[in-house]
Every structure is written in structure tokens, then in C-alpha cells.
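Contents: one structure, followed by commentary.
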Amino acid sequence: MLIEVDNVTHIYNDENNVTALKKINLEIDNGEFIGIVGHTGSGKSTLVQLFNGLIIPSSGAVKVNGKNITDEKTNLKETRRHVGLVFQYPEHQLFEETVYKDIAFGPKNLGLSEEEIETRVNEVMGLVNLDYEEFKDRSPFNLSGGQQRRVAIAGVLALKPDVLVLDEPSAGLDPQGRKRLADLLRYLYHELEMTLILISHRMEEIAELSSRVIVMHNGEIVLDGSPKEVFAREQKLHQLALDLPQITEIMHRLKDRGLKVETDLFSLEKASEEILNRLRGCEKC
Amino acid sequence: MSLININGVDFLYENENSDRPALQNINLQIEAGDFAVIIGSNGSGKSTLAKLLNVLLTPTKGEIYIDGLNSSKSENTWKIRQKVGMVFQNPDNQLVASMVEDDVAFGPENLGIPSPEIRKRVDKALEMVGMAGFQKFAPHKLSGGQKQRVAIAGVIAMEPDVIVLDEPTAMLDPQGRKEVMETIEYLNKEKEITIVHITHFMEEAVTADKVIVMNEGNILHKGTPKSIFRLVNKLKEINLDIPVAAEVAEYLRSKNVNIPDILTIDELVNSLC
């Protein structure tokens, strides 16, 4: 098992003493693509920060590759090589003079040779679709927001983590930027067989990309299953005031009105075809 | 005369390598009381247009008149800034004080308004954005949507004729987006404040009086929400988000299903069943 969370409770040690996580049990396997959804404050970001030891829980244990990282003796530096974390608005953390130096910062700290670093920077810039020659000597601060974010993601990928955790990576991106990001995540998952953990408010993104969806609410995991299973729980999600993917909402509403459509199609094309076929099947509903 | 009159405006950023102006031959009128939504992808020129409206920039060519005042004349700069309030994308970059009420009071204080009047304006503005009772809160303890509403209150307290919001929802979660959109609609419909809302979320244009689509420094279309959303394929080409219901409707129409103009899920479901 890649990541095991065993009965974890976390209370933030500040004036409000918020209980961010309540008795969480969770196992994540190699090769999963986990989508995590829930309202702001539901515990999503706290949960993922457990995975590389940024947060040591108030109680319970977290194991990565079988190693208990909540044990004080564990070398967290090693863990952080395996679990790469891309924060919200990661472009705010760019700081170097050039794109090359920014991406090379992590690998350098791992003590890799100049040659190996160069190979890695070249490779990850290709992954995030930034031309090496064109961008390597440019200042990251003169790039567009979407490009800056790709530089930041490249910096984490350059550490070659086994697991990539992304907290709201598409926030503020336009449709083209989101599509690029989705293509990158698909590539990492299918071609490079990385384990991915994606936090997002965009249900469409979660439904289309992930293999397993975890829904959080008030520090607890309230739903856990395949996208089909989770988004079939229409009433439960509405009760939690969470949206369905818009296309799923349309399919459920049509079905309620008597049009016998399948409700578990997440691609807009397939769902539109399904509606068309059903409309042609019955002239009046 | 319209409240905002933009006549043949070009804008070229001086320090840029490119020769392409950020805005080219923009002509646009916005009337008092309008809820105008400007949509466009990154780099379309929509933020540049916003900055021209309260004289953070002035046109390279052409003129902008706000309530009859020419923005290129420096003696009008401060008068126009009192008339045009701005709200920006990142709530964390525009709140300056350590307490909500001080933040909202910042603008009117700078206008030299007497204290009792400021007190009244601050309380009223917070009430208008649904933040009454938060006077003594620290801004950093608020949610994104609440911070943005405090920023809007700060603008309202200056009693502008028009509020220009430059992607105010881009950094917010769905709850925050909803709060901010409801606040903007309330201010427009109930308080009759003219709104220019800039966004790349097309759903946010559904209730507008006027939608302006920008692309590569030009105005591509102007019209009612329905007239614009019928251009689904064109809007996709220029990298805009289309409401899913409009996209499904367009697909069905292309397959000869007779279906009216659709903006929302409700409209789609009602027209099909």
C-alpha cells in the first residue's frame, strides 16, 4: 500500500482549535488517480499535507510505502522525494531569475549532478509544454499566469515523485489552460503511471479524470468510490450543498422528467448523443 | 449621453516588444443602470479596458468619456476615479487595514469626508454586501467570498456611479463565487448601481443586460446574453467557457432537434421534456 492513513485526527493548534480531520481512515494504492472534493474548510488541504509530513496529525498514524512518517525518527526529506505537492497558486512560490534555475532548485537540493539536473529540467519542461530553448533563460515573472503555473508544476515534477498531489491546480485558469493541465495529468497517469491526487472544486474535472472520488465534509470522508458511484449519489451531494458535474445534473433532471437517459456519462459529447438517441426513441416524454 | 462612452480607442503598452495594441478601435457605450458583462480569455484586452475606465491607463488613441468627462484630461482624473470604483481579482491584494470597518472607511477618508458621515457609509455599505456585523473582524479571518464583498463595500462607501469588477470571482470557490455574484446582482437591480463585470466564466453573463465579447484586443460581439450564447462554436474557438446547457442545446440543434435559445439547465430541461 502506497499511503495508509490510520485513524487520524488533526486539531489546528491556534486560538480557534479547529478540528480539521476527524478519525480518518484511508488507503491509497499505487496507480490510483484520486479526486478529492468538498467545501472550503472540509479538510481537503489538511488531509493531503499529511501525505508528505507537512502536517503531523494530533493523533493517528500515516504510512508512506510502509514507513510510518508520523514517527519522529523518520527522515521526512526522503518521504518528500516520493510525494510531490503542488500547492494552490504555486506560481506565487516562483523566485529564481530564470525558468531553468527555478525548476532546477529542487533537483539541486537533492545533490544531483549538473548533467542529471539539465536532463531533468529539459524533460519536465517538455512535459508541461514549455519549449526548453525558448523559455529556459527567461524570467519566470515575465510569463503569463498559465505559463508561470506550468513552471511551478515542472519544479515539482523534476523531483520525480511517485505521487503527485495537486491542490486546486486549475483555479483561475482559462479553458485552454485547464485543457492543457488535464492533458498533462492524463499523460502522467496513463503514460508515466504516476499516482495522482487532485483536489478540485470543478466536478467536471474530477469526474472526467479520476479513477476514485473522495468527498469530504467537516473533516470526515463521507463518500468514497468510482466517479460513477459517487456522482450517482445525487441527493447526498445536494444535501452536502455540493454540485454535480453540470452534465450529470442535466442527465438526472431529464431522467426525473421521464426521459430515460443513462446518468453516468461524464463526457459532454457522449451525454449529448445519449439525449439525442433517447429523444429520437420517443417523440413525446 | 451615455454614462460611459468609449470612442475609437486604441491602447498600446509602451514597454512591450509586440506592435499589436492591447486594444484596437474599441467603441462601446454603457448606460446608467446597465449590468454589462465583458467576457474574453486571457490576453483579450479585457483588463486593459477596465484600467482605462478609471484612468489607471489613458487611451493611446481615441477618447473615453465618463459622465461627460474626458479621461485623457489630467484635471478629470480624480473626478473620474470617484465615479468609477474598481474591484480586482485577488482579495488578498486589496484589503489594507487590520479591521473590516477601517478597510471600508479607507476610501471615504481619503475623500476627506467627515467622520460621522463615514460611519454611516461604512455601516450601510457593509449591509449592502451582506457583511453587517463584521465591522470589527480581521480581514484575514474571512473567506475569499467575504473578503471580496468587503472590497466591494469599500468601493460602495465612496458612492461611485459605476463599479468595475475585474475577474472578482476568479480566485474564489463555488460558494464564494455565488456570494459575490448575488451581491453584484443585488447592487445593480435593487440599488441601481451601474456594473461592468469582467470575467471568463460565461455563466456569470447569463443575467446581464449587455454582453460584450472581446478577443485579441477587439470587440467581437455585443448583444443580449441569448444572442451571444447562440455563437457556441465561435466562442469555443476563442477559448471561452460555454455553459454546458448551451453547449448541449447547440449539439441537439445541429442534429435538427427544434430547440429554443438556451442559457441555463432549467431552460434546457423544460424545453426537452
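Scheme for the C-alpha cells: letters A, B, ... for chains in order shown; per-chain residue numbers from 1; ligand numbers from 1 in order shown.
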Which residues of chain B sit at most 9 Å from chain A, using only C-alpha atoms? Give each one's shortest atom pair and distance in Å (one decimal place), in chain and ascending residue order, as a Markdown table.
| residue | atom | partner | partner_atom | distance |
| --- | --- | --- | --- | --- |
| B:Ser41 | CA | A:Asp174 | CA | 6.4 |
| B:Asn42 | CA | A:Asp174 | CA | 6.8 |
| B:Gly43 | CA | A:Ser144 | CA | 8.9 |
| B:Ser143 | CA | A:Thr40 | CA | 8.7 |
| B:Thr169 | CA | A:Gly172 | CA | 8.8 |
| B:Ala170 | CA | A:Gly172 | CA | 5.0 |
| B:Met171 | CA | A:Gly172 | CA | 5.8 |
| B:Leu172 | CA | A:Ala171 | CA | 8.2 |
| B:Asp173 | CA | A:His201 | CA | 6.8 |
| B:Pro174 | CA | A:His201 | CA | 7.1 |
| B:Gln175 | CA | A:His39 | CA | 8.0 |
| B:His200 | CA | A:Asp174 | CA | 6.9 |
| B:Phe201 | CA | A:Asp174 | CA | 8.6 |
| B:Lys236 | CA | A:Pro175 | CA | 9.0 |
| B:Asn239 | CA | A:Pro175 | CA | 6.0 |
| B:Leu240 | CA | A:Pro175 | CA | 6.2 |
| B:Asp241 | CA | A:Pro175 | CA | 6.0 |
| B:Pro243 | CA | A:Gln246 | CA | 8.7 |
| B:Val244 | CA | A:Gln246 | CA | 6.5 |
| B:Ala245 | CA | A:Ile250 | CA | 7.7 |
| B:Glu247 | CA | A:Leu268 | CA | 8.4 |
| B:Val248 | CA | A:Ser272 | CA | 5.8 |
| B:Ala249 | CA | A:Ser272 | CA | 8.5 |
| B:Tyr251 | CA | A:Ser272 | CA | 6.9 |
| B:Leu252 | CA | A:Leu276 | CA | 6.6 |
| B:Lys255 | CA | A:Leu276 | CA | 8.0 |
| B:Val257 | CA | A:Leu276 | CA | 8.2 |
| B:Ile265 | CA | A:Ile250 | CA | 6.3 |
| B:Asp266 | CA | A:Ile250 | CA | 8.6 |
| B:Leu268 | CA | A:Ile250 | CA | 8.2 |
| B:Val269 | CA | A:Leu254 | CA | 6.1 |
| B:Asn270 | CA | A:Leu254 | CA | 8.9 |
| B:Leu272 | CA | A:Leu254 | CA | 8.0 |
| B:Cys273 | CA | A:Cys285 | CA | 5.7 |
Find the spatial neighbours of range 230-232 of chain A, counting only C-alpha atoms, within a cut-off of 9 Å - ignore same-chain residues fewer than 4 positions away - and output them as an NGL selection string.
:A and (207 or 212-215 or 223-226 or 237 or 244-245 or 248 or 252 or 263-264)
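Listed by chain and then by rising number, the residues of range 42-213 of chain A that DSSP assigns to strand (DSSP E) from the backbone are Ser59, Gly60, Ala61, Val62, Lys63, Val64, Lys67, Asn68, Val83, Gly84, Leu85, Val86, Val163, Leu164, Val165, Leu166, Asp167, Thr195, Leu196, Ile197, Leu198, Ile199, Arg212 and Val213 of chain A.
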DSSP-assigned alpha helix (DSSP H) members of range 108-172 of chain A, reported as a ChimeraX atom specification
/A:108-109,114-127,132-135,145-157
Could you please take those selected residues and save C-alpha atoms as a compact mmCIF listing (two decimals), in the first residue's frame?
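Dumped to result_12.txt:
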# COMPACT_ATOMS: atom_id res chain seq x y z
CA LYS A 108 19.96 20.70 -6.89
CA ASN A 109 18.94 20.24 -3.28
CA GLU A 114 24.69 19.26 -13.22
CA GLU A 115 24.24 16.87 -16.10
CA GLU A 116 21.39 14.99 -14.46
CA ILE A 117 19.76 18.28 -13.44
CA GLU A 118 19.88 19.55 -17.00
CA THR A 119 18.36 16.34 -18.33
CA ARG A 120 15.56 16.57 -15.81
CA VAL A 121 14.80 20.25 -16.43
CA ASN A 122 14.68 19.59 -20.15
CA GLU A 123 12.42 16.61 -19.65
CA VAL A 124 9.90 18.27 -17.33
CA MET A 125 9.70 21.43 -19.43
CA GLY A 126 8.71 19.15 -22.29
CA LEU A 127 6.06 17.55 -20.09
CA TYR A 132 13.27 24.39 -23.46
CA GLU A 133 15.31 26.74 -25.65
CA GLU A 134 12.65 29.40 -25.77
CA PHE A 135 11.90 29.56 -22.06
CA GLY A 145 -0.13 33.27 -15.31
CA GLY A 146 -0.76 29.95 -17.03
CA GLN A 147 2.89 29.61 -18.04
CA GLN A 148 4.06 30.50 -14.53
CA ARG A 149 1.89 27.78 -13.11
CA ARG A 150 3.39 25.26 -15.53
CA VAL A 151 6.89 26.28 -14.42
CA ALA A 152 5.87 25.70 -10.81
CA ILE A 153 4.45 22.26 -11.60
CA ALA A 154 7.59 21.41 -13.58
CA GLY A 155 9.65 22.23 -10.48
CA VAL A 156 7.81 19.55 -8.52
CA LEU A 157 7.92 17.03 -11.37
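The smallest atom-to-atom distance between Pro161 in chain A and any of A:Asn277, A:Ser45, A:Asn52, A:Gln239, using only C-alpha atoms, is found for A:Asn52.
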Selection near range 203-214 of chain B, 7 Å with only C-alpha atoms, sequence-local residues under 2 positions removed, as a PDB file with C-alpha atoms, in the first residue's frame:
ATOM      1  CA  ASP B  34     -26.698  48.782 -17.011  1.00  0.00           C
ATOM      2  CA  PHE B  35     -25.361  45.421 -15.914  1.00  0.00           C
ATOM      3  CA  ALA B  36     -22.679  44.947 -18.554  1.00  0.00           C
ATOM      4  CA  VAL B  37     -20.554  41.829 -18.652  1.00  0.00           C
ATOM      5  CA  ILE B  38     -17.313  41.706 -20.593  1.00  0.00           C
ATOM      6  CA  ILE B  39     -16.070  38.225 -21.389  1.00  0.00           C
ATOM      7  CA  GLY B  40     -12.837  37.211 -23.035  1.00  0.00           C
ATOM      8  CA  SER B  44      -8.090  39.503 -24.901  1.00  0.00           C
ATOM      9  CA  LYS B  46     -10.482  42.988 -21.068  1.00  0.00           C
ATOM     10  CA  PHE B 201     -16.925  32.471 -16.612  1.00  0.00           C
ATOM     11  CA  GLU B 216      -7.293  39.864 -29.239  1.00  0.00           C
ATOM     12  CA  GLY B 217      -7.940  43.486 -28.413  1.00  0.00           C
ATOM     13  CA  ASN B 218     -11.176  43.757 -30.377  1.00  0.00           C
ATOM     14  CA  ILE B 219     -14.838  43.658 -29.527  1.00  0.00           C
ATOM     15  CA  LEU B 220     -16.065  40.563 -31.292  1.00  0.00           C
ATOM     16  CA  HIS B 221     -19.756  40.769 -30.356  1.00  0.00           C
ATOM     17  CA  LYS B 222     -22.147  42.939 -28.420  1.00  0.00           C
ATOM     18  CA  GLY B 223     -25.681  41.945 -27.531  1.00  0.00           C
ATOM     19  CA  THR B 224     -28.062  40.266 -25.117  1.00  0.00           C
ATOM     20  CA  PRO B 225     -26.932  37.063 -23.375  1.00  0.00           C
ATOM     21  CA  PRO B 243     -22.446  26.956 -20.162  1.00  0.00           C
ATOM     22  CA  LEU B 263     -28.730  29.542 -21.241  1.00  0.00           C
TER      23      LEU B 263
END
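Using only C-alpha atoms, the residues found no farther than 10 Å from Ala153 in chain B, other than those of its own chain fewer than 3 positions away, are Val87, Val100, Glu101, Asp103, Val104, Ala105, Arg121, Val122, Asp123, Lys124, Ala125, Leu126, Glu127, Met128, Val129, Gly130, Met131, Lys147, Gln148, Arg149, Val150, Ile156, Ala157, Met158 and Glu159 of chain B.
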